[in-house]
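Enquirer: I'd like to ask you about the structure that follows.
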Amino acid sequence: YKATINDFGEEVKTWETYKKTRAKISPFSGKEFFESQSVQSKVNSRIVVRFDSKIIPKMRITFRDKIYNIEAVLEDNKSLREYQTLLCSDGVINE
């Protein structure tokens with residue numbers, strides 16, 4: 001996001017598009033979600049994209065009308081940095 005100051009001197013955060021790309025979005029199954037609660041209770045989706053070292057947590061993904069907050073970025077050792085997995089939660093963050 002980008003922070004700017006409005007006419008009242010208040011900081012306003014607006015999201016900017018970093019890039020558009022293809023992705024595979026997979027919600028966790030019931031079992032995976034239950035097991036993930038011990039590690040990260042907010043995470044409920046897995047998104048696989050082409051590797052991009054600039055993608056970090058605090059970014060978000062929009063697909064159709066749904067927003068996914070990136071909570072963790074995992075490199076795929078098998079594909080030799082061709083793909084990466086993004087562990088995401090649903091909803092809007094305003095950090």
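By convention here, the chains of the structure tokens are called A, B, ... in the order presented, each chain's residues are numbered starting at 1, and ligands are numbered starting at 1 in the order presented.
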If you count only C-alpha atoms, which residues fall within 12 Å of stretch 65-80 of chain A, apart from same-chain ones fewer than 3 positions away, as a ChimeraX atom specification?

Expert: /A:15,25-27,39-62,83-95

Enquirer: Residues of chain A classed as alpha helix (DSSP H) by DSSP on the backbone are to be reported as a list in words.

Expert: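 Going through chain A, the alpha helix (DSSP H) residues come out as Gly30, Lys31, Glu32, Phe33, Phe34, Glu35 and Ser36 of chain A.
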
Enquirer: Just write the chosen residues, N, CA, C and O atoms, as a PDB file, in the first residue's frame.

Expert:
ATOM      1  N   GLY A  30     -10.649 -29.328   5.498  1.00  0.00           N
ATOM      2  CA  GLY A  30     -10.964 -29.290   6.919  1.00  0.00           C
ATOM      3  C   GLY A  30      -9.822 -29.796   7.777  1.00  0.00           C
ATOM      4  O   GLY A  30      -9.459 -29.197   8.782  1.00  0.00           O
ATOM      5  N   LYS A  31      -9.203 -30.903   7.374  1.00  0.00           N
ATOM      6  CA  LYS A  31      -8.092 -31.484   8.142  1.00  0.00           C
ATOM      7  C   LYS A  31      -6.883 -30.550   8.131  1.00  0.00           C
ATOM      8  O   LYS A  31      -6.273 -30.304   9.170  1.00  0.00           O
ATOM      9  N   GLU A  32      -6.530 -30.015   6.953  1.00  0.00           N
ATOM     10  CA  GLU A  32      -5.382 -29.110   6.860  1.00  0.00           C
ATOM     11  C   GLU A  32      -5.618 -27.850   7.687  1.00  0.00           C
ATOM     12  O   GLU A  32      -4.722 -27.364   8.363  1.00  0.00           O
ATOM     13  N   PHE A  33      -6.848 -27.323   7.638  1.00  0.00           N
ATOM     14  CA  PHE A  33      -7.156 -26.121   8.399  1.00  0.00           C
ATOM     15  C   PHE A  33      -7.025 -26.390   9.890  1.00  0.00           C
ATOM     16  O   PHE A  33      -6.444 -25.607  10.627  1.00  0.00           O
ATOM     17  N   PHE A  34      -7.529 -27.532  10.346  1.00  0.00           N
ATOM     18  CA  PHE A  34      -7.445 -27.893  11.755  1.00  0.00           C
ATOM     19  C   PHE A  34      -5.983 -28.013  12.184  1.00  0.00           C
ATOM     20  O   PHE A  34      -5.583 -27.501  13.220  1.00  0.00           O
ATOM     21  N   GLU A  35      -5.151 -28.678  11.355  1.00  0.00           N
ATOM     22  CA  GLU A  35      -3.738 -28.840  11.678  1.00  0.00           C
ATOM     23  C   GLU A  35      -3.007 -27.501  11.629  1.00  0.00           C
ATOM     24  O   GLU A  35      -2.081 -27.269  12.393  1.00  0.00           O
ATOM     25  N   SER A  36      -3.395 -26.610  10.741  1.00  0.00           N
ATOM     26  CA  SER A  36      -2.711 -25.318  10.619  1.00  0.00           C
ATOM     27  C   SER A  36      -3.016 -24.396  11.788  1.00  0.00           C
ATOM     28  O   SER A  36      -2.272 -23.465  12.046  1.00  0.00           O
TER      29      SER A  36
END

Enquirer: Atom CA of A:Lys19 to atom CA of A:Glu82: how many Å, to one decimal?

Expert: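 These atoms are spaced 17.0 Å apart.
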
Enquirer: From the list A:Thr21, A:Arg81, A:Phe63, A:Thr14, which residue is nearest A:Lys2 when using only C-alpha atoms?

Expert: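 For A:Lys2, the nearest of the candidates is A:Thr14.
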
Enquirer: From a backbone DSSP assignment, name each residue in chain A labelled strand (DSSP E), as a ChimeraX atom specification.

Expert: /A:2-5,11-14,24-27,45-50,60-63,66-75,83-90

Enquirer: I need the residues from that last selection saved to file as a CSV table (one decimal), in the first residue's frame (with N, CA and C atoms), if you can.

Expert:
chain,number,residue,atom,x,y,z
A,2,LYS,N,0.2,2.3,-0.3
A,2,LYS,CA,0.9,3.6,-0.3
A,2,LYS,C,0.2,4.5,0.7
A,3,ALA,N,1.0,5.2,1.5
A,3,ALA,CA,0.4,6.1,2.5
A,3,ALA,C,0.6,7.6,2.0
A,4,THR,N,-0.6,8.3,2.0
A,4,THR,CA,-0.6,9.7,1.7
A,4,THR,C,-1.3,10.5,2.7
A,5,ILE,N,-1.1,11.8,2.7
A,5,ILE,CA,-1.8,12.7,3.7
A,5,ILE,C,-3.0,13.4,2.9
A,11,GLU,N,-3.3,10.5,7.7
A,11,GLU,CA,-2.7,9.5,6.8
A,11,GLU,C,-3.7,8.6,6.2
A,12,VAL,N,-3.7,8.4,4.9
A,12,VAL,CA,-4.6,7.6,4.2
A,12,VAL,C,-3.8,6.5,3.5
A,13,LYS,N,-4.2,5.3,3.7
A,13,LYS,CA,-3.5,4.2,3.0
A,13,LYS,C,-4.3,3.7,1.8
A,14,THR,N,-3.7,3.6,0.7
A,14,THR,CA,-4.3,3.1,-0.5
A,14,THR,C,-3.5,2.0,-1.1
A,24,LYS,N,-2.7,-20.4,-8.7
A,24,LYS,CA,-3.6,-21.5,-8.3
A,24,LYS,C,-4.0,-21.3,-6.8
A,25,ILE,N,-5.3,-21.1,-6.6
A,25,ILE,CA,-5.8,-20.9,-5.3
A,25,ILE,C,-6.5,-22.1,-4.7
A,26,SER,N,-6.0,-22.6,-3.6
A,26,SER,CA,-6.6,-23.8,-2.9
A,26,SER,C,-6.9,-23.5,-1.5
A,27,PRO,N,-8.2,-23.5,-1.1
A,27,PRO,CA,-8.6,-23.4,0.3
A,27,PRO,C,-8.1,-24.7,1.0
A,45,SER,N,-5.9,-20.4,3.2
A,45,SER,CA,-5.8,-20.7,1.8
A,45,SER,C,-4.3,-20.8,1.4
A,46,ARG,N,-4.1,-21.5,0.3
A,46,ARG,CA,-2.8,-21.7,-0.3
A,46,ARG,C,-2.8,-21.2,-1.7
A,47,ILE,N,-1.9,-20.3,-2.1
A,47,ILE,CA,-1.9,-19.7,-3.4
A,47,ILE,C,-0.5,-20.0,-4.0
A,48,VAL,N,-0.4,-20.6,-5.2
A,48,VAL,CA,0.8,-20.9,-5.8
A,48,VAL,C,1.0,-20.0,-7.0
A,49,VAL,N,2.1,-19.3,-7.1
A,49,VAL,CA,2.4,-18.3,-8.2
A,49,VAL,C,3.8,-18.6,-8.7
A,50,ARG,N,4.2,-18.0,-9.8
A,50,ARG,CA,5.5,-18.0,-10.3
A,50,ARG,C,6.4,-17.3,-9.2
A,60,ARG,N,-1.2,-8.2,-0.5
A,60,ARG,CA,-2.5,-8.9,-0.6
A,60,ARG,C,-2.7,-9.3,-2.0
A,61,ILE,N,-3.6,-10.2,-2.2
A,61,ILE,CA,-4.0,-10.7,-3.5
A,61,ILE,C,-5.5,-10.5,-3.7
A,62,THR,N,-6.0,-10.0,-4.8
A,62,THR,CA,-7.4,-9.9,-5.1
A,62,THR,C,-7.7,-10.8,-6.2
A,63,PHE,N,-8.8,-11.6,-6.1
A,63,PHE,CA,-9.3,-12.4,-7.1
A,63,PHE,C,-10.8,-12.3,-7.1
A,66,LYS,N,-12.8,-11.1,-3.9
A,66,LYS,CA,-12.2,-11.7,-2.7
A,66,LYS,C,-10.8,-11.2,-2.5
A,67,ILE,N,-10.5,-10.8,-1.2
A,67,ILE,CA,-9.2,-10.3,-0.9
A,67,ILE,C,-8.5,-11.4,0.0
A,68,TYR,N,-7.2,-11.7,-0.4
A,68,TYR,CA,-6.4,-12.7,0.4
A,68,TYR,C,-5.2,-11.9,0.9
A,69,ASN,N,-5.0,-11.9,2.2
A,69,ASN,CA,-3.8,-11.3,2.9
A,69,ASN,C,-2.7,-12.3,2.9
A,70,ILE,N,-1.5,-11.9,2.4
A,70,ILE,CA,-0.4,-12.8,2.4
A,70,ILE,C,0.2,-12.8,3.8
A,71,GLU,N,0.2,-14.0,4.5
A,71,GLU,CA,0.7,-14.2,5.8
A,71,GLU,C,2.1,-14.7,5.8
A,72,ALA,N,2.5,-15.6,4.8
A,72,ALA,CA,3.8,-16.2,4.7
A,72,ALA,C,4.1,-16.5,3.2
A,73,VAL,N,5.4,-16.5,2.9
A,73,VAL,CA,5.8,-16.8,1.5
A,73,VAL,C,6.8,-18.0,1.7
A,74,LEU,N,6.5,-19.1,1.0
A,74,LEU,CA,7.3,-20.3,1.0
A,74,LEU,C,7.9,-20.6,-0.3
A,75,GLU,N,9.2,-20.7,-0.4
A,75,GLU,CA,9.8,-21.1,-1.7
A,75,GLU,C,9.7,-22.6,-1.9
A,83,TYR,N,8.4,-21.6,-8.7
A,83,TYR,CA,7.2,-21.3,-8.1
A,83,TYR,C,7.4,-21.0,-6.6
A,84,GLN,N,6.4,-20.4,-6.0
A,84,GLN,CA,6.4,-20.2,-4.5
A,84,GLN,C,4.9,-20.3,-4.0
A,85,THR,N,4.8,-20.7,-2.8
A,85,THR,CA,3.5,-20.8,-2.2
A,85,THR,C,3.3,-19.7,-1.2
A,86,LEU,N,2.1,-19.1,-1.3
A,86,LEU,CA,1.7,-18.0,-0.4
A,86,LEU,C,0.6,-18.5,0.5
A,87,LEU,N,0.9,-18.5,1.8
A,87,LEU,CA,-0.1,-18.9,2.8
A,87,LEU,C,-0.9,-17.6,3.1
A,88,CYS,N,-2.2,-17.7,3.0
A,88,CYS,CA,-3.1,-16.5,3.0
A,88,CYS,C,-4.2,-16.6,4.0
A,89,SER,N,-4.7,-15.5,4.5
A,89,SER,CA,-6.0,-15.4,5.2
A,89,SER,C,-6.9,-14.6,4.4
A,90,ASP,N,-8.2,-14.7,4.7
A,90,ASP,CA,-9.2,-13.9,4.0
A,90,ASP,C,-9.5,-12.6,4.8
